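Source file: start-v5.cif (mmCIF, C-alpha atoms and all ligand atoms)
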data_target
loop_
_atom_site.label_atom_id
_atom_site.label_comp_id
_atom_site.auth_asym_id
_atom_site.auth_seq_id
_atom_site.Cartn_x
_atom_site.Cartn_y
_atom_site.Cartn_z
CA MET A 827 16.44 -23.19 26.29
CA LYS A 828 13.12 -24.53 25.00
CA HIS A 829 12.34 -22.66 21.79
CA PRO A 830 9.18 -22.71 19.72
CA LEU A 831 9.48 -25.16 16.84
CA HIS A 832 7.01 -23.02 14.90
CA LEU A 833 6.79 -19.26 15.46
CA GLY A 834 4.19 -17.08 13.75
CA ILE A 835 4.41 -13.30 13.56
CA ILE A 836 1.55 -10.93 12.82
CA MET A 837 3.68 -8.02 11.63
CA ASP A 838 1.44 -5.03 12.39
CA GLY A 839 1.91 -1.27 12.60
CA ASN A 840 3.66 -0.33 9.34
CA GLY A 841 1.02 2.28 8.49
CA ARG A 842 1.08 3.87 11.95
CA TRP A 843 4.88 3.98 11.91
CA ALA A 844 4.78 6.00 8.68
CA THR A 845 1.90 8.25 9.69
CA ARG A 846 3.62 9.17 12.97
CA GLN A 847 6.62 10.37 11.00
CA GLY A 848 4.52 12.31 8.51
CA LYS A 849 5.37 9.81 5.77
CA ASP A 850 3.26 7.87 3.28
CA ARG A 851 2.06 4.42 4.45
CA SER A 852 4.20 2.86 1.72
CA GLN A 853 7.33 4.02 3.60
CA GLY A 854 6.11 2.02 6.58
CA HIS A 855 5.89 -1.11 4.43
CA LEU A 856 9.46 -0.57 3.19
CA GLU A 857 10.68 -0.29 6.80
CA GLY A 858 8.57 -3.33 7.68
CA LEU A 859 10.47 -5.32 5.07
CA LYS A 860 13.77 -4.39 6.75
CA ALA A 861 12.37 -5.50 10.11
CA ALA A 862 11.27 -8.80 8.53
CA ARG A 863 14.84 -9.41 7.38
CA ARG A 864 16.29 -8.54 10.84
CA VAL A 865 13.84 -10.70 12.75
CA THR A 866 14.07 -13.63 10.31
CA ARG A 867 17.84 -13.68 10.79
CA ALA A 868 17.42 -13.53 14.59
CA ALA A 869 14.85 -16.37 14.55
CA ALA A 870 17.11 -18.57 12.42
CA GLU A 871 20.08 -17.87 14.69
CA ALA A 872 17.98 -18.63 17.79
CA GLY A 873 17.16 -22.09 16.40
CA VAL A 874 13.50 -21.62 15.39
CA LYS A 875 12.73 -24.25 12.73
CA PHE A 876 9.55 -22.82 11.14
CA LEU A 877 8.69 -19.13 10.90
CA THR A 878 5.35 -18.04 9.44
CA LEU A 879 5.17 -14.35 8.57
CA TYR A 880 1.74 -12.80 8.00
CA VAL A 881 2.49 -10.71 4.92
CA PHE A 882 -0.93 -10.05 3.35
CA SER A 883 -4.34 -11.23 4.55
CA THR A 884 -7.35 -12.08 2.39
CA GLU A 885 -9.00 -9.03 4.01
CA ASN A 886 -6.08 -6.73 3.10
CA SER A 887 -7.23 -6.81 -0.53
CA GLY A 888 -10.03 -4.48 0.64
CA ARG A 889 -7.50 -1.67 1.25
CA PRO A 890 -7.23 1.23 -1.24
CA THR A 891 -6.02 0.00 -4.65
CA ARG A 892 -2.91 2.17 -4.41
CA GLU A 893 -1.77 0.44 -1.21
CA VAL A 894 -2.64 -3.06 -2.48
CA ASP A 895 -0.74 -2.39 -5.72
CA PHE A 896 2.25 -1.07 -3.78
CA LEU A 897 2.33 -4.13 -1.53
CA MET A 898 2.00 -6.56 -4.45
CA GLY A 899 4.79 -4.73 -6.28
CA LEU A 900 7.01 -4.90 -3.19
CA ILE A 901 6.30 -8.59 -2.66
CA GLY A 902 6.84 -9.42 -6.34
CA LYS A 903 10.12 -7.52 -6.41
CA HIS A 904 11.58 -8.87 -3.19
CA LEU A 905 10.63 -12.56 -3.29
CA GLU A 906 13.43 -13.31 -5.75
CA ALA A 907 15.66 -10.32 -4.89
CA GLU A 908 16.25 -11.82 -1.43
CA MET A 909 17.82 -14.99 -2.89
CA ASP A 910 21.29 -14.18 -1.47
CA PHE A 911 19.68 -13.84 1.97
CA TYR A 912 17.93 -17.24 1.62
CA ASN A 913 21.19 -18.82 0.47
CA GLU A 914 23.26 -17.28 3.25
CA LEU A 915 20.92 -18.59 5.97
CA GLU A 916 19.98 -21.80 4.09
CA LEU A 917 16.32 -20.74 4.37
CA ARG A 918 13.65 -22.89 2.76
CA VAL A 919 10.93 -20.56 1.47
CA LEU A 920 7.24 -21.51 1.18
CA ALA A 921 4.09 -19.51 0.51
CA SER A 922 0.66 -20.26 1.99
CA GLY A 923 -2.71 -18.78 1.12
CA ASP A 924 -4.99 -18.38 -1.88
CA LEU A 925 -2.06 -17.89 -4.22
CA GLU A 926 -4.10 -18.23 -7.42
CA GLN A 927 -5.63 -14.80 -6.79
CA LEU A 928 -2.20 -13.12 -6.67
CA PRO A 929 -0.79 -11.27 -9.72
CA ALA A 930 0.76 -13.72 -12.23
CA GLY A 931 4.26 -12.28 -11.67
CA VAL A 932 4.05 -12.88 -7.91
CA GLN A 933 2.86 -16.48 -8.50
CA LYS A 934 5.81 -17.07 -10.80
CA SER A 935 8.28 -15.67 -8.23
CA ILE A 936 6.75 -17.91 -5.54
CA ARG A 937 7.26 -21.00 -7.72
CA ARG A 938 10.85 -19.95 -8.44
CA VAL A 939 11.88 -19.30 -4.80
CA GLU A 940 10.11 -22.43 -3.54
CA SER A 941 11.95 -24.56 -6.03
CA ALA A 942 15.32 -22.77 -5.67
CA THR A 943 15.33 -23.17 -1.86
CA ARG A 944 13.76 -26.66 -1.66
CA GLU A 945 17.02 -28.40 -0.70
CA HIS A 946 18.04 -25.83 1.93
CA SER A 947 18.52 -27.29 5.39
CA GLY A 948 17.98 -24.20 7.59
CA MET A 949 14.81 -22.62 8.94
CA THR A 950 11.63 -22.86 6.85
CA ILE A 951 10.07 -19.46 6.26
CA ASN A 952 6.38 -19.70 5.40
CA LEU A 953 5.04 -16.51 3.85
CA ALA A 954 1.30 -16.07 4.43
CA LEU A 955 0.29 -14.31 1.22
CA ASN A 956 -3.34 -13.53 0.44
CA TYR A 957 -3.81 -15.78 3.45
CA GLY A 958 -6.94 -16.22 5.57
CA GLY A 959 -7.33 -18.88 8.25
CA ARG A 960 -10.96 -19.57 7.35
CA ASP A 961 -10.09 -19.59 3.65
CA GLU A 962 -7.35 -22.18 4.28
CA ILE A 963 -9.82 -24.41 6.14
CA VAL A 964 -12.38 -24.14 3.32
CA ARG A 965 -9.75 -24.88 0.63
CA THR A 966 -8.46 -27.79 2.74
CA PHE A 967 -11.95 -29.24 3.09
CA ALA A 968 -12.48 -28.88 -0.67
CA ARG A 969 -9.30 -30.92 -1.25
CA TRP A 970 -10.62 -33.58 1.15
CA GLN A 971 -14.00 -33.74 -0.59
CA ALA A 972 -12.40 -34.09 -4.01
CA ARG A 973 -10.59 -37.23 -2.80
CA HIS A 974 -13.16 -38.64 -0.36
CA PRO A 975 -16.61 -37.50 -1.50
CA GLY A 976 -19.27 -37.76 1.21
CA GLU A 977 -16.83 -38.88 3.96
CA VAL A 978 -16.26 -37.04 7.25
CA PRO A 979 -12.55 -36.21 7.74
CA THR A 980 -10.62 -36.74 10.97
CA GLU A 981 -8.58 -33.87 12.41
CA ALA A 982 -5.40 -35.65 11.33
CA ALA A 983 -6.75 -36.06 7.79
CA LEU A 984 -7.51 -32.34 7.48
CA SER A 985 -4.13 -31.43 9.03
CA SER A 986 -2.45 -33.48 6.34
CA MET A 987 -4.18 -31.47 3.59
CA LEU A 988 -3.54 -27.91 4.80
CA ASP A 989 -1.35 -25.54 2.77
CA HIS A 990 2.11 -27.07 3.23
CA PRO A 991 1.09 -29.76 5.73
CA GLU A 992 4.74 -30.26 6.75
CA VAL A 993 4.46 -26.95 8.64
CA PRO A 994 3.50 -28.01 12.19
CA ASP A 995 1.08 -26.46 14.68
CA LEU A 996 2.11 -23.05 16.01
CA ASP A 997 3.89 -22.96 19.36
CA LEU A 998 4.08 -19.18 19.64
CA VAL A 999 2.25 -16.31 17.94
CA VAL A 1000 3.68 -12.81 18.29
CA ARG A 1001 1.67 -9.73 17.34
CA THR A 1002 3.15 -6.25 17.27
CA ALA A 1003 1.69 -2.72 17.42
CA GLY A 1004 -0.50 -3.21 20.47
CA GLU A 1005 -3.38 -5.12 18.87
CA GLN A 1006 -4.47 -8.30 20.62
CA ARG A 1007 -6.32 -10.27 17.98
CA LEU A 1008 -5.67 -12.95 15.37
CA SER A 1009 -7.14 -11.19 12.32
CA ASN A 1010 -7.79 -14.58 10.64
CA PHE A 1011 -4.20 -15.85 11.12
CA GLN A 1012 -3.59 -19.62 11.01
CA LEU A 1013 -6.86 -20.56 12.73
CA TRP A 1014 -6.27 -24.32 12.47
CA ARG A 1015 -2.68 -24.33 13.71
CA VAL A 1016 -3.14 -21.98 16.72
CA ALA A 1017 -5.16 -24.50 18.76
CA TYR A 1018 -2.58 -24.67 21.59
CA ALA A 1019 -0.30 -21.76 20.68
CA GLU A 1020 1.06 -19.32 23.25
CA PHE A 1021 0.62 -15.59 22.54
CA VAL A 1022 2.98 -12.68 23.07
CA PHE A 1023 1.75 -9.17 22.33
CA SER A 1024 4.14 -6.26 21.87
CA SER A 1025 3.21 -2.59 21.83
CA LYS A 1026 6.14 -1.78 19.52
CA LEU A 1027 5.32 -1.08 15.87
CA TRP A 1028 6.70 -3.70 13.47
CA PRO A 1029 9.24 -1.41 11.69
CA ASP A 1030 10.85 -0.76 15.11
CA TRP A 1031 11.27 -4.46 15.92
CA THR A 1032 14.81 -5.74 16.47
CA ALA A 1033 16.56 -9.01 17.29
CA ALA A 1034 16.36 -8.04 20.97
CA ASP A 1035 12.55 -7.87 20.79
CA LEU A 1036 12.47 -11.35 19.29
CA ASP A 1037 14.81 -12.68 21.97
CA ALA A 1038 12.52 -11.20 24.66
CA ALA A 1039 9.47 -12.87 23.09
CA LEU A 1040 11.31 -16.22 22.92
CA ALA A 1041 12.36 -15.87 26.59
CA GLU A 1042 8.72 -15.18 27.53
CA PHE A 1043 7.69 -18.33 25.65
CA THR A 1044 10.32 -20.34 27.52
CA SER A 1045 8.85 -19.26 30.86
CA ARG A 1046 5.33 -20.44 29.96
CA LYS A 1047 3.91 -23.70 31.26
CA ARG A 1048 1.90 -25.54 28.61
CA ASN A 1049 -0.62 -28.18 29.66
CA PHE A 1050 -2.33 -29.15 26.38
CA GLY A 1051 -5.48 -29.83 28.39
CA LYS A 1052 -3.79 -32.36 30.65
CA VAL A 1053 -2.90 -32.34 34.34
CA MET A 1054 0.85 -32.05 34.72
CA ALA A 1055 2.59 -35.11 36.19
CA VAL A 1056 3.80 -33.30 39.30
CA GLU A 1057 0.19 -32.38 40.18
CA VAL A 1058 -1.21 -35.91 39.94
CA GLU A 1059 1.00 -37.47 42.58
CA VAL A 1060 -1.21 -39.55 44.89
CA PRO A 1061 -1.24 -37.93 48.34
CA SER A 1062 0.38 -40.03 51.06
CA ARG A 1063 -2.06 -41.74 53.51
CA ASN A 1064 -0.08 -41.03 56.66
C1 LIG B 1101 0.93 -4.43 8.67
O1 LIG B 1101 0.88 -3.06 8.91
C2 LIG B 1101 1.16 -4.73 7.19
C3 LIG B 1101 -0.01 -5.27 6.50
C4 LIG B 1101 -1.16 -5.55 7.05
C5 LIG B 1101 0.12 -5.53 5.08
P1 LIG B 1101 -0.44 -2.22 8.67
O2 LIG B 1101 -0.43 -1.72 7.26
O3 LIG B 1101 -1.65 -2.97 9.08
O4 LIG B 1101 -0.19 -0.99 9.65
P2 LIG B 1101 -1.27 -0.26 10.56
O5 LIG B 1101 -1.97 -1.31 11.38
O6 LIG B 1101 -2.20 0.45 9.63
O7 LIG B 1101 -0.46 0.67 11.40
C1 LIG B 1102 -3.17 -8.39 10.00
O1 LIG B 1102 -3.05 -7.03 10.18
C2 LIG B 1102 -2.64 -8.80 8.65
C3 LIG B 1102 -1.19 -8.70 8.48
C4 LIG B 1102 -0.32 -8.35 9.39
C5 LIG B 1102 -0.70 -9.06 7.16
P1 LIG B 1102 -4.24 -6.02 9.85
O2 LIG B 1102 -3.72 -4.65 10.12
O3 LIG B 1102 -4.75 -6.27 8.49
O4 LIG B 1102 -5.35 -6.44 10.91
P2 LIG B 1102 -6.60 -5.65 11.49
O5 LIG B 1102 -7.39 -5.15 10.30
O6 LIG B 1102 -6.08 -4.52 12.31
O7 LIG B 1102 -7.34 -6.64 12.32
MG MG B 1103 -2.67 -3.13 10.83
#
Go through the file and emit its structure as structure tokens.
Ligand code: IPE
Ligand code: IPE
Ligand code: MG
Amino acid sequence: MKHPLHLGIIMDGNGRWATRQGKDRSQGHLEGLKAARRVTRAAAEAGVKFLTLYVFSTENSGRPTREVDFLMGLIGKHLEAEMDFYNELELRVLASGDLEQLPAGVQKSIRRVESATREHSGMTINLALNYGGRDEIVRTFARWQARHPGEVPTEAALSSMLDHPEVPDLDLVVRTAGEQRLSNFQLWRVAYAEFVFSSKLWPDWTAADLDAALAEFTSRKRNFGKVMAVEVEVPSRN
């Protein structure tokens, strides 16, 4: 089976999950964390090599302070607390985004988990934290300018200066909770990605939902702007 090398997931619907059950939105984020663990395991077992999880967007900092503080606390607490999970699955953990704006404790945890999992040989899990696609492009261009003032970059040059440039283009983007938009996710790397939208809320996602999304990806025909070989056969003259 042809699997995506790089899968991205826009994990949406935590708040709605909680509200529908008469609970506080924070309960939805706690359940969302459990779903992230389930689906990460399923992706690793299915043979996905890179998984980018959209954890917190640059725009999410505009949410009520109470929710932002809760999310930052949850992220700070769990980054290192999941070390046994990373070790068990040999996960290499990375973080992408404007990390300097994150609380100092979260930045420290990121440095620790990145370095502790650097030699792992399993799936790479790229956590998009305080991440915005436009922001990544601007920061990437700033890095280019610092090294090559006044020069125009090629696409390959900019690709090589993104956050963690070893993370390849996205093959598949999944979004849950019925929304069909990117919300500033990975704008550079989605150029030829396939999309799968699921109406299920993120906390309800299971390994079976991931397997269904991967099967859908497998059935897609990707052209990358070209004409497929079978369609360019020269018609016979007789
Ligand atoms: C996704 O769930 C988690 C984050 C964006 C941090 P939401 O919190 O966006 O849940 P809904 O969309 O309000 O249901
Ligand atoms: C996108 O979800 C961000 C994450 C999943 C982290 P949002 O819930 O923030 O997106 P919008 O506001 O509905 O577009
Ligand atoms: Mg949402």
Give me, please, the distance in Å between CA of Ile936 in chain A and CA of Gly902 in chain A, quoted to one decimal.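 Going from CA of Ile936 in chain A over to CA of Gly902 in chain A, I get 8.5 Å.
Between Gly923 in chain A and the candidates A:Gly848, A:Gly839, A:Gly959, A:Gly854, the tightest atom-to-atom separation, counting all atoms listed in the file, involves A:Gly959.
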Please identify every polymer residue within 12 Å of ligand LIG 1102 (chain B), using all atoms listed in the file, and present the set as number ranges by chain. A: 834-842, 855, 858-859, 862, 878-889, 894, 897, 923, 953-959, 999-1012, 1027-1028
Is it possible to get the axis-aligned box enclosing ligand LIG 1101 (chain B) (all listed atoms, 5 Å extra per side) as AutoDock Vina command-line options, with centre and edge lengths in Å rounded to one decimal?
--center_x -0.5 --center_y -2.4 --center_z 8.2 --size_x 13.4 --size_y 16.2 --size_z 16.3
Which residue gives the smallest distance to Asp1037 in chain A among A:Gln853, A:Ala869, A:Ala942, A:Pro830, with only C-alpha atoms counted?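 Result for the nearest residue to Asp1037 in chain A: A:Ala869.
Pairwise distance (CA of Ala1038 in chain A, CA of Ala870 in chain A) equals 15.0 Å.
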Distance query range 979-988 of chain A at most 10 Å, all atoms listed in the file, self and fewer than 5 positions along chain excluded, as JSON, numbers by chain: {"A": [922, 923, 962, 963, 964, 965, 966, 967, 968, 969, 970, 971, 974, 993, 994, 995, 1014, 1015]}
Between A:Ser1025, A:Lys875, A:His946, A:Ala907, which residue has the minimum interatomic distance to ligand LIG 1101 (chain B), considering only C-alpha atoms and all ligand atoms?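 Nearest to ligand LIG 1101 (chain B): A:Ser1025.
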Work out how far apart CA of Ala868 in chain A and CA of Leu915 in chain A are and give it in Å to one decimal.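 Answer for the CA of Ala868 in chain A to CA of Leu915 in chain A separation: 10.6 Å.
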Closest to Arg960 in chain A among A:Val932, A:Ala1034, A:Leu1013, A:Leu856, using all atoms listed in the file?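 Using all atoms listed in the file, the shortest distance to Arg960 in chain A belongs to A:Leu1013.
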Would you pick out the contacts of Leu998 in chain A at 8 Å or less, using all atoms listed in the file, so that residues sharing its chain but fewer than 5 positions from it are not included, and give the list as a ChimeraX atom specification? /A:830,832-834,1019-1022,1043
Using only C-alpha atoms and all ligand atoms for the distances, tell me which of A:Met909, A:Ala861, A:Met1054, A:Leu877 is nearest to ligand LIG 1101 (chain B).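 The shortest atom-to-atom distance to ligand LIG 1101 (chain B) comes from A:Ala861.
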From the list A:Pro1029, A:Gln927, A:Ala972, A:Asp961, which residue is nearest ligand LIG 1101 (chain B) when using all atoms listed in the file? A:Pro1029
